[in-house]
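Below is coords-v6.pdb, which holds PDB, C-alpha atoms and all ligand atoms.
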```pdb
ATOM      1  CA  MET A 898     145.472  74.637 125.469
ATOM      2  CA  ALA A 899     147.630  72.439 127.664
ATOM      3  CA  GLN A 900     149.762  72.537 130.797
ATOM      4  CA  GLY A 901     152.126  75.521 130.754
ATOM      5  CA  ASP A 902     150.146  77.409 128.103
ATOM      6  CA  VAL A 903     149.475  81.083 128.812
ATOM      7  CA  TYR A 904     146.133  82.834 128.292
ATOM      8  CA  ILE A 905     146.222  86.539 127.624
ATOM      9  CA  GLY A 906     142.759  87.631 126.446
ATOM     10  CA  MET A 907     139.938  89.111 128.542
ATOM     11  CA  ASN A 908     136.280  88.781 127.578
ATOM     12  CA  ALA A 909     133.259  89.677 129.708
ATOM     13  CA  SER A 910     130.587  89.485 127.042
ATOM     14  CA  ASP A 911     128.323  86.796 128.509
ATOM     15  CA  LEU A 912     128.042  87.988 132.106
ATOM     16  CA  ARG A 913     125.270  90.570 131.638
ATOM     17  CA  GLY A 914     122.189  89.636 133.674
ATOM     18  CA  THR A 915     123.785  86.544 135.213
ATOM     19  CA  THR A 916     124.089  86.087 138.979
ATOM     20  CA  VAL A 917     127.562  86.125 140.493
ATOM     21  CA  LEU A 918     128.199  85.394 144.172
ATOM     22  CA  VAL A 919     131.547  86.690 145.461
ATOM     23  CA  THR A 920     132.783  85.834 148.950
ATOM     24  CA  GLY A 921     135.210  88.123 150.745
ATOM     25  CA  ALA A 922     133.746  91.030 148.775
ATOM     26  CA  SER A 923     134.233  93.680 151.466
ATOM     27  CA  ARG A 924     137.953  94.273 150.772
ATOM     28  CA  GLY A 925     140.906  93.438 148.555
ATOM     29  CA  PHE A 926     140.605  91.046 145.605
ATOM     30  CA  GLY A 927     136.973  90.209 146.387
ATOM     31  CA  ARG A 928     135.837  93.827 146.428
ATOM     32  CA  ALA A 929     137.576  94.529 143.117
ATOM     33  CA  THR A 930     136.019  91.362 141.692
ATOM     34  CA  ALA A 931     132.518  92.370 142.810
ATOM     35  CA  VAL A 932     133.020  95.819 141.233
ATOM     36  CA  ALA A 933     134.289  94.277 137.968
ATOM     37  CA  PHE A 934     131.348  91.867 137.676
ATOM     38  CA  HIS A 935     128.953  94.709 138.443
ATOM     39  CA  ALA A 936     130.578  96.785 135.680
ATOM     40  CA  ALA A 937     130.139  93.823 133.320
ATOM     41  CA  GLY A 938     126.385  93.904 133.949
ATOM     42  CA  ALA A 939     126.118  90.931 136.306
ATOM     43  CA  ASP A 940     123.804  90.775 139.327
ATOM     44  CA  VAL A 941     126.302  90.589 142.166
ATOM     45  CA  VAL A 942     125.756  89.014 145.595
ATOM     46  CA  ALA A 943     128.578  90.223 147.866
ATOM     47  CA  VAL A 944     129.334  88.179 151.007
ATOM     48  CA  ALA A 945     131.645  88.985 153.940
ATOM     49  CA  ARG A 946     131.309  89.331 157.722
ATOM     50  CA  THR A 947     131.686  93.119 158.024
ATOM     51  CA  ALA A 948     128.312  94.633 157.178
ATOM     52  CA  GLU A 949     129.571  98.224 157.260
ATOM     53  CA  GLN A 950     132.165  97.662 154.504
ATOM     54  CA  LEU A 951     129.571  95.840 152.412
ATOM     55  CA  ARG A 952     127.142  98.738 152.832
ATOM     56  CA  GLN A 953     129.877 101.168 151.688
ATOM     57  CA  LEU A 954     130.437  99.058 148.572
ATOM     58  CA  GLN A 955     126.695  98.918 147.932
ATOM     59  CA  ALA A 956     126.446 102.714 148.252
ATOM     60  CA  GLU A 957     129.355 103.186 145.815
ATOM     61  CA  LEU A 958     127.474 101.055 143.283
ATOM     62  CA  ASP A 959     124.236 103.062 143.679
ATOM     63  CA  GLY A 960     122.585 100.338 145.718
ATOM     64  CA  SER A 961     122.502  97.891 142.821
ATOM     65  CA  LEU A 962     124.261  95.069 144.625
ATOM     66  CA  THR A 963     122.953  92.457 147.059
ATOM     67  CA  ILE A 964     124.952  92.217 150.279
ATOM     68  CA  VAL A 965     125.012  89.393 152.813
ATOM     69  CA  ALA A 966     126.911  89.655 156.112
ATOM     70  CA  ALA A 967     127.825  86.065 156.965
ATOM     71  CA  ASP A 968     130.656  83.698 157.893
ATOM     72  CA  VAL A 969     131.599  81.662 154.809
ATOM     73  CA  ALA A 970     133.064  78.864 156.929
ATOM     74  CA  ASP A 971     129.535  78.084 158.189
ATOM     75  CA  PRO A 972     128.023  75.165 156.213
ATOM     76  CA  VAL A 973     124.506  76.524 156.746
ATOM     77  CA  VAL A 974     125.546  79.774 155.053
ATOM     78  CA  ALA A 975     126.984  77.830 152.102
ATOM     79  CA  GLY A 976     123.888  75.677 151.652
ATOM     80  CA  SER A 977     121.297  78.400 152.112
ATOM     81  CA  LEU A 978     122.974  81.062 149.931
ATOM     82  CA  LEU A 979     123.557  78.656 147.041
ATOM     83  CA  GLU A 980     119.943  77.466 147.246
ATOM     84  CA  GLN A 981     118.687  81.049 147.357
ATOM     85  CA  TYR A 982     120.802  82.619 144.604
ATOM     86  CA  LYS A 983     121.865  79.653 142.391
ATOM     87  CA  PRO A 984     124.722  81.737 140.923
ATOM     88  CA  LYS A 985     126.024  81.114 137.419
ATOM     89  CA  THR A 986     129.414  82.178 138.760
ATOM     90  CA  LEU A 987     130.589  81.434 142.288
ATOM     91  CA  VAL A 988     133.819  83.116 143.390
ATOM     92  CA  LEU A 989     135.174  81.570 146.601
ATOM     93  CA  ASN A 990     137.638  84.317 147.405
ATOM     94  CA  ALA A 991     137.264  84.945 151.165
ATOM     95  CA  GLY A 992     140.335  84.116 153.190
ATOM     96  CA  ALA A 993     141.829  84.656 156.620
ATOM     97  CA  SER A 994     145.048  86.600 157.185
ATOM     98  CA  PRO A 995     147.714  84.284 158.562
ATOM     99  CA  LEU A 996     149.959  85.350 161.433
ATOM    100  CA  ALA A 997     153.288  86.299 159.806
ATOM    101  CA  ARG A 998     155.767  84.312 161.927
ATOM    102  CA  PRO A 999     158.209  81.420 161.366
ATOM    103  CA  ILE A1000     156.901  77.911 161.949
ATOM    104  CA  HIS A1001     158.222  77.513 165.511
ATOM    105  CA  HIS A1002     156.534  80.762 166.553
ATOM    106  CA  GLN A1003     153.135  79.488 165.434
ATOM    107  CA  THR A1004     150.748  77.679 167.762
ATOM    108  CA  TRP A1005     148.480  74.982 166.365
ATOM    109  CA  GLU A1006     145.628  77.505 166.461
ATOM    110  CA  THR A1007     147.522  80.156 164.473
ATOM    111  CA  PHE A1008     148.971  77.521 162.111
ATOM    112  CA  SER A1009     145.542  76.120 161.276
ATOM    113  CA  ARG A1010     143.688  79.441 160.838
ATOM    114  CA  ASN A1011     143.475  79.166 157.039
ATOM    115  CA  TRP A1012     142.259  75.581 157.306
ATOM    116  CA  GLU A1013     139.432  76.727 159.588
ATOM    117  CA  VAL A1014     138.338  79.469 157.184
ATOM    118  CA  ASP A1015     139.672  79.035 153.630
ATOM    119  CA  VAL A1016     139.626  75.230 153.409
ATOM    120  CA  LYS A1017     136.310  74.916 155.250
ATOM    121  CA  GLN A1018     134.819  77.432 152.832
ATOM    122  CA  ALA A1019     136.066  75.494 149.779
ATOM    123  CA  PHE A1020     134.863  72.193 151.218
ATOM    124  CA  HIS A1021     131.366  73.330 152.231
ATOM    125  CA  TRP A1022     130.561  75.517 149.205
ATOM    126  CA  ILE A1023     131.996  73.179 146.572
ATOM    127  CA  ARG A1024     130.193  70.232 148.157
ATOM    128  CA  GLU A1025     126.907  72.185 148.053
ATOM    129  CA  ALA A1026     127.572  73.281 144.456
ATOM    130  CA  LEU A1027     127.877  69.609 143.423
ATOM    131  CA  LEU A1028     124.898  68.421 145.481
ATOM    132  CA  LEU A1029     122.450  71.188 144.502
ATOM    133  CA  PRO A1030     123.738  71.036 141.724
ATOM    134  CA  LEU A1031     124.452  74.431 140.177
ATOM    135  CA  ALA A1032     123.126  74.678 136.615
ATOM    136  CA  PRO A1033     125.111  73.313 133.658
ATOM    137  CA  GLY A1034     127.366  76.091 132.349
ATOM    138  CA  SER A1035     128.077  77.401 135.860
ATOM    139  CA  THR A1036     131.619  78.233 136.914
ATOM    140  CA  VAL A1037     133.188  77.999 140.362
ATOM    141  CA  VAL A1038     136.424  79.953 140.868
ATOM    142  CA  ALA A1039     138.255  79.119 144.108
ATOM    143  CA  MET A1040     141.038  81.423 145.278
ATOM    144  CA  SER A1041     144.189  79.459 145.957
ATOM    145  CA  SER A1042     147.603  81.184 146.004
ATOM    146  CA  GLY A1043     151.060  81.095 144.452
ATOM    147  CA  ALA A1044     152.039  79.945 147.958
ATOM    148  CA  ALA A1045     150.408  76.602 147.096
ATOM    149  CA  GLN A1046     153.208  76.112 144.542
ATOM    150  CA  PHE A1047     156.115  77.898 146.145
ATOM    151  CA  GLY A1048     155.434  77.631 149.919
ATOM    152  CA  SER A1049     155.203  80.466 152.439
ATOM    153  CA  PRO A1050     157.517  79.859 155.417
ATOM    154  CA  LEU A1051     156.192  82.840 157.396
ATOM    155  CA  SER A1052     152.511  81.932 157.106
ATOM    156  CA  GLY A1053     152.004  78.763 159.163
ATOM    157  CA  GLY A1054     149.531  76.453 157.429
ATOM    158  CA  TYR A1055     148.604  78.962 154.701
ATOM    159  CA  ALA A1056     150.435  77.341 151.768
ATOM    160  CA  GLY A1057     149.155  73.867 152.640
ATOM    161  CA  ALA A1058     145.607  75.179 153.007
ATOM    162  CA  LYS A1059     145.793  76.875 149.621
ATOM    163  CA  ALA A1060     147.233  73.708 148.031
ATOM    164  CA  THR A1061     144.297  71.779 149.493
ATOM    165  CA  ILE A1062     141.879  74.262 147.927
ATOM    166  CA  ARG A1063     143.512  73.528 144.572
ATOM    167  CA  PHE A1064     143.068  69.786 145.205
ATOM    168  CA  ILE A1065     139.428  70.132 146.337
ATOM    169  CA  THR A1066     138.653  72.171 143.209
ATOM    170  CA  GLY A1067     140.323  69.541 141.014
ATOM    171  CA  TYR A1068     138.414  66.710 142.710
ATOM    172  CA  ALA A1069     135.146  68.604 142.175
ATOM    173  CA  ALA A1070     135.974  69.111 138.484
ATOM    174  CA  GLU A1071     136.397  65.350 138.188
ATOM    175  CA  GLU A1072     133.057  64.664 139.954
ATOM    176  CA  SER A1073     131.319  67.236 137.744
ATOM    177  CA  GLU A1074     132.750  65.524 134.661
ATOM    178  CA  ARG A1075     131.842  62.011 135.889
ATOM    179  CA  ALA A1076     128.248  63.006 136.685
ATOM    180  CA  GLY A1077     127.854  65.125 133.536
ATOM    181  CA  LEU A1078     126.927  68.194 135.618
ATOM    182  CA  GLY A1079     128.549  70.741 133.317
ATOM    183  CA  ILE A1080     129.881  72.817 136.231
ATOM    184  CA  ARG A1081     133.384  74.157 135.511
ATOM    185  CA  PHE A1082     135.650  74.245 138.582
ATOM    186  CA  VAL A1083     138.843  76.303 138.426
ATOM    187  CA  SER A1084     141.341  77.476 141.027
ATOM    188  CA  LEU A1085     143.342  80.680 140.682
ATOM    189  CA  LEU A1086     146.830  81.158 142.119
ATOM    190  CA  PRO A1087     147.824  84.858 142.472
ATOM    191  CA  ARG A1088     151.260  85.725 143.791
ATOM    192  CA  LEU A1089     151.781  87.773 146.956
ATOM    193  CA  THR A1090     150.957  91.460 146.551
ATOM    194  CA  PRO A1091     151.118  94.305 149.091
ATOM    195  CA  GLU A1092     147.863  95.739 147.687
ATOM    196  CA  THR A1093     145.561  94.182 150.302
ATOM    197  CA  ASP A1094     145.143  93.900 154.083
ATOM    198  CA  LEU A1095     146.243  90.270 153.795
ATOM    199  CA  GLY A1096     149.236  90.844 151.509
ATOM    200  CA  SER A1097     150.709  93.994 153.023
ATOM    201  CA  PRO A1098     151.892  92.578 156.405
ATOM    202  CA  ALA A1099     153.145  89.420 154.676
ATOM    203  CA  VAL A1100     155.274  91.443 152.244
ATOM    204  CA  ALA A1101     156.643  93.485 155.172
ATOM    205  CA  ALA A1102     157.546  90.279 157.057
ATOM    206  CA  TYR A1103     159.309  88.682 154.060
ATOM    207  CA  ALA A1104     161.185  91.917 153.348
ATOM    208  CA  GLU A1105     162.382  92.146 156.951
ATOM    209  CA  ARG A1106     163.440  88.483 156.942
ATOM    210  CA  SER A1107     165.492  89.133 153.797
ATOM    211  CA  GLY A1108     167.115  92.220 155.333
ATOM    212  CA  LEU A1109     165.525  94.396 152.649
ATOM    213  CA  SER A1110     163.224  97.380 152.653
ATOM    214  CA  VAL A1111     159.727  96.716 151.351
ATOM    215  CA  GLU A1112     160.634  98.659 148.186
ATOM    216  CA  GLN A1113     163.800  96.593 147.615
ATOM    217  CA  TYR A1114     161.900  93.354 148.226
ATOM    218  CA  LEU A1115     159.112  94.283 145.828
ATOM    219  CA  SER A1116     161.575  95.308 143.104
ATOM    220  CA  GLN A1117     162.740  91.661 143.017
ATOM    221  CA  GLN A1118     159.265  90.272 142.337
ATOM    222  CA  PRO A1119     158.420  89.238 138.742
ATOM    223  CA  VAL A1120     154.954  90.790 138.788
ATOM    224  CA  LEU A1121     153.142  93.150 141.167
ATOM    225  CA  LEU A1122     149.447  92.419 141.046
ATOM    226  CA  LYS A1123     146.805  95.083 141.518
ATOM    227  CA  THR A1124     143.444  93.998 142.895
ATOM    228  CA  GLU A1125     141.927  94.984 139.523
ATOM    229  CA  ASP A1126     144.319  92.579 137.735
ATOM    230  CA  VAL A1127     143.060  89.669 139.834
ATOM    231  CA  ALA A1128     139.455  90.741 139.228
ATOM    232  CA  ALA A1129     140.084  90.850 135.464
ATOM    233  CA  HIS A1130     141.475  87.307 135.529
ATOM    234  CA  VAL A1131     138.445  86.069 137.489
ATOM    235  CA  ILE A1132     136.158  87.704 134.891
ATOM    236  CA  ASP A1133     138.234  86.107 132.145
ATOM    237  CA  LEU A1134     137.895  82.629 133.685
ATOM    238  CA  ALA A1135     134.176  83.057 134.372
ATOM    239  CA  SER A1136     133.242  84.379 130.963
ATOM    240  CA  ASN A1137     135.317  82.134 128.714
ATOM    241  CA  ALA A1138     133.820  78.650 128.766
ATOM    242  CA  GLU A1139     136.708  77.394 126.648
ATOM    243  CA  ARG A1140     139.105  77.843 129.565
ATOM    244  CA  PRO A1141     139.268  74.259 130.822
ATOM    245  CA  ALA A1142     138.693  73.202 134.431
ATOM    246  CA  GLY A1143     141.977  73.205 136.334
ATOM    247  CA  ALA A1144     144.424  75.441 138.179
ATOM    248  CA  TYR A1145     145.713  78.761 136.827
ATOM    249  CA  LEU A1146     148.775  80.644 138.023
ATOM    250  CA  ILE A1147     148.763  84.390 137.402
ATOM    251  CA  ALA A1148     152.083  84.684 135.556
ATOM    252  CA  PRO A1149     153.643  87.932 134.243
ATOM    253  CA  ALA A1150     152.363  87.159 130.717
ATOM    254  CA  GLY A1151     148.841  86.123 131.769
ATOM    255  CA  LEU A1152     147.048  83.057 133.110
ATOM    256  CA  LYS A1153     149.243  79.962 133.028
ATOM    257  CA  VAL A1154     147.612  76.530 133.133
ATOM    258  CA  LEU A1155     149.231  74.347 135.777
TER     259      LEU A1155
HETATM  260  N1  LIG B1201     146.856  89.447 148.814
HETATM  261  C1  LIG B1201     147.649  88.511 148.340
HETATM  262  O1  LIG B1201     148.840  88.726 148.155
HETATM  263  C2  LIG B1201     147.082  87.161 147.980
HETATM  264  C3  LIG B1201     147.866  86.309 147.193
HETATM  265  C4  LIG B1201     147.360  85.059 146.845
HETATM  266  C5  LIG B1201     146.105  84.677 147.256
HETATM  267  N2  LIG B1201     145.364  85.513 148.033
HETATM  268  C6  LIG B1201     144.024  85.049 148.435
HETATM  269  O2  LIG B1201     143.068  85.912 147.871
HETATM  270  C7  LIG B1201     141.921  85.984 148.702
HETATM  271  C8  LIG B1201     141.598  87.427 149.015
HETATM  272  O3  LIG B1201     142.691  87.969 149.719
HETATM  273  P1  LIG B1201     142.894  89.536 149.943
HETATM  274  O4  LIG B1201     144.341  89.765 149.853
HETATM  275  O5  LIG B1201     141.965  90.303 149.101
HETATM  276  O6  LIG B1201     142.502  89.625 151.499
HETATM  277  P2  LIG B1201     141.762  90.763 152.353
HETATM  278  O7  LIG B1201     141.943  92.088 151.747
HETATM  279  O8  LIG B1201     142.170  90.531 153.761
HETATM  280  O9  LIG B1201     140.210  90.368 152.179
HETATM  281  C9  LIG B1201     139.733  89.168 152.706
HETATM  282  C10 LIG B1201     138.239  89.121 152.509
HETATM  283  O10 LIG B1201     137.739  87.885 153.036
HETATM  284  C11 LIG B1201     136.682  88.164 153.946
HETATM  285  N3  LIG B1201     136.621  87.110 154.970
HETATM  286  C12 LIG B1201     137.613  86.654 155.759
HETATM  287  N4  LIG B1201     137.166  85.691 156.582
HETATM  288  C13 LIG B1201     135.835  85.535 156.305
HETATM  289  C14 LIG B1201     134.818  84.698 156.811
HETATM  290  N5  LIG B1201     135.055  83.794 157.773
HETATM  291  N6  LIG B1201     133.563  84.809 156.303
HETATM  292  C15 LIG B1201     133.304  85.727 155.330
HETATM  293  N7  LIG B1201     134.244  86.526 154.783
HETATM  294  C16 LIG B1201     135.491  86.442 155.279
HETATM  295  C17 LIG B1201     137.014  89.546 154.503
HETATM  296  O11 LIG B1201     135.861  90.192 154.980
HETATM  297  P3  LIG B1201     135.415  90.232 156.527
HETATM  298  O12 LIG B1201     136.655  90.326 157.352
HETATM  299  O13 LIG B1201     134.530  91.409 156.580
HETATM  300  O14 LIG B1201     134.659  88.961 156.743
HETATM  301  C18 LIG B1201     137.517  90.242 153.250
HETATM  302  O15 LIG B1201     136.428  90.679 152.475
HETATM  303  C19 LIG B1201     142.233  85.132 149.936
HETATM  304  O16 LIG B1201     141.692  83.848 149.782
HETATM  305  C20 LIG B1201     143.752  85.078 149.925
HETATM  306  O17 LIG B1201     144.274  83.954 150.599
HETATM  307  C21 LIG B1201     145.817  86.747 148.393
END
```
As structure tokens - that is how I would like this structure written.
Ligand SMILES: NC(=O)c1ccc[n+]([C@@H]2O[C@H](COP(=O)([O-])OP(=O)(O)OC[C@H]3O[C@@H](n4cnc5c(N)ncnc54)[C@H](OP(=O)(O)O)[C@@H]3O)[C@@H](O)[C@H]2O)c1
Amino acid sequence: MAQGDVYIGMNASDLRGTTVLVTGASRGFGRATAVAFHAAGADVVAVARTAEQLRQLQAELDGSLTIVAADVADPVVAGSLLEQYKPKTLVLNAGASPLARPIHHQTWETFSRNWEVDVKQAFHWIREALLLPLAPGSTVVAMSSGAAQFGSPLSGGYAGAKATIRFITGYAAEESERAGLGIRFVSLLPRLTPETDLGSPAVAAYAERSGLSVEQYLSQQPVLLKTEDVAAHVIDLASNAERPAGAYLIAPAGLKVL
């Protein structure tokens, strides 16, 4: 497969009994991803800051899920959790919600929020994954965004942060290849969806800016992702070793290699 090719299939056959660590697992894409890996028979370690939401998820899955309440931007958390769990699949999904305002209504602090959380997470965890290193055959999926390709004028530094996550993941893939580590690094670029706490206010802000209702705005979008769709694509990337390292846009027809 090459640039521009589209993957359609889903296959979760090899995940049973493997350890998967999902960050940002308390809500949204990460929660759906944790549930999907659990359904595929994986041993899931779910990480987020809000212990109560993690406990609810654990209860829904009959207790058979490990939960860790921690800040993923903390390098000590990255190092210690990777050493402890040595996951075969690492899903770096956690992300901060940007303040939905035009550029001149951002402060430096609001502009850089996603650099302080999302980019720090990618940097610390991917660095630790290479240094440990994770076992050959491991996969790291880092959550970028369609904004990395198309921009997001109402989200401050969000699009640039997500583009940097794509770069960091690509650099790590190169280092893995050069050192013969056998760790597959991929980044995933979903488009904006109102399905999550992060996406919903952003969709409302873009709709208002366009002078449209949320319904009118959404009817113009090529694909409306459900959290389960994103989870299925993460499973697909994790369980199919033939998917090459690189960046994948979630296109209407399936995963598109960028
Ligand atoms: N929704 C979209 O339209 C969309 C589109 C493209 C890409 N994405 C990306 O997809 C990922 C998931 O987004 P989502 O829409 O599912 O967002 P969400 O519903 O707001 O969930 C974000 C998750 O990240 C966790 N989190 C945030 N900061 C954290 C920190 N410092 N340490 C640990 N956990 C942290 C949150 O848990 P706590 O608050 O409990 O810590 C929560 O579990 C993000 O990286 C986002 O940028 C989203």
**Request:** Show me which residues sit within 8 Å of ligand LIG 1201 (chain B) when counting all atoms listed in the file, and put them as JSON, numbers by chain.
**Result:** {"A": [920, 921, 922, 923, 924, 925, 926, 927, 928, 944, 945, 946, 947, 948, 950, 951, 966, 967, 968, 969, 970, 971, 989, 990, 991, 992, 993, 994, 1014, 1015, 1040, 1041, 1042, 1043, 1044, 1055, 1059, 1086, 1087, 1088, 1089, 1090, 1091, 1092, 1093, 1094, 1095, 1096, 1097, 1099, 1124]}
**Request:** Using only C-alpha atoms, determine which residues lie at most 12 Å from Gln1003 of chain A, disregarding the query and same-chain residues fewer than 3 positions distant; provide the list as JSON, numbers by chain.
**Result:** {"A": [995, 996, 997, 998, 999, 1000, 1006, 1007, 1008, 1009, 1010, 1050, 1051, 1052, 1053, 1054, 1055]}
**Message:** For Ala1019 of chain A, find every residue with an atom within 12 Å (counting only C-alpha atoms), except residues of its own chain fewer than 5 positions away, and show them as a PyMOL selection string.
**Reply:** chain A and resi 920+969-972+975+987-992+1011-1014+1024-1027+1037-1041+1058-1069+1082-1084
**Request:** List the residues matched by the PyMOL selection byres (((chain A and resi 1125) around 8) and not hetatm) in the displayed structure as a PyMOL selection string, ordered by chain and then by residue number.
**Result:** chain A and resi 926+929-930+933+1123-1124+1126-1129
**Request:** Considering all atoms listed in the file, state which residue in the set A:Val974, A:Ala956, A:Val932, A:Ile1080 is at the smallest distance from Ala1142 of chain A.
**Result:**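 Nearest to Ala1142 of chain A: A:Ile1080.
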**Request:** Could you tell me which residues the PyMOL selection byres (((chain A and resi 941) around 9) and not hetatm) returns for this structure, as a PyMOL selection string?
**Result:** chain A and resi 915-919+931-932+934-935+938-940+942-943+961-964
**Asked** In Å to one decimal, how far is atom CA of Glu1074 of chain A from atom CA of Thr986 of chain A?
**Response** 17.5 Å
**Message:** Which residues are close to Leu1134 of chain A, i.e. within 9 Å by only C-alpha atoms, leaving aside same-chain residues fewer than 2 positions away? Reply as a list in words.
**Reply:**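 In the requested form, the answer reads Met907, Asn908, Thr1036, Val1038, Val1083, Ala1129, His1130, Val1131, Ile1132, Ser1136, Asn1137, Ala1138, Glu1139, Arg1140 and Pro1141 of chain A.
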**Prompt:** For the file shown, what are the residues hit by the PyMOL selection byres (((chain A and resi 1104) around 12) and not hetatm), laid out as JSON, numbers by chain?
**Reply:** {"A": [997, 1051, 1091, 1097, 1098, 1099, 1100, 1101, 1102, 1103, 1105, 1106, 1107, 1108, 1109, 1110, 1111, 1112, 1113, 1114, 1115, 1116, 1117, 1118]}
Please enclose the listed atoms of segment 943-962 of chain A in an axis-aligned box, pad each side by 4 Å, and write out the centre and the three edge lengths in Å, rounded to one decimal, as lines of an AutoDock Vina configuration file.
```
center_x = 127.3
center_y = 95.7
center_z = 150.4
size_x = 17.7
size_y = 23.0
size_z = 23.2
```
**Request:** Could you check which of A:Ala1144, A:Ala1032, A:Leu1085, A:Val1016 is closest to Ala1070 of chain A, using only C-alpha atoms?
**Result:** A:Ala1144
**Request:** Grab the atom CA of Ile1147 of chain A to atom CA of Leu1078 of chain A distance for me, in Å with one decimal place.
**Result:**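 Separating atom CA of Ile1147 of chain A from atom CA of Leu1078 of chain A is a distance of 27.2 Å.
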**Separation of atom CA of Lys1153 of chain A from atom CA of Gln1018 of chain A in Å** =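 One can read the atom CA of Gln1018 of chain A to atom CA of Lys1153 of chain A distance as 24.6 Å.
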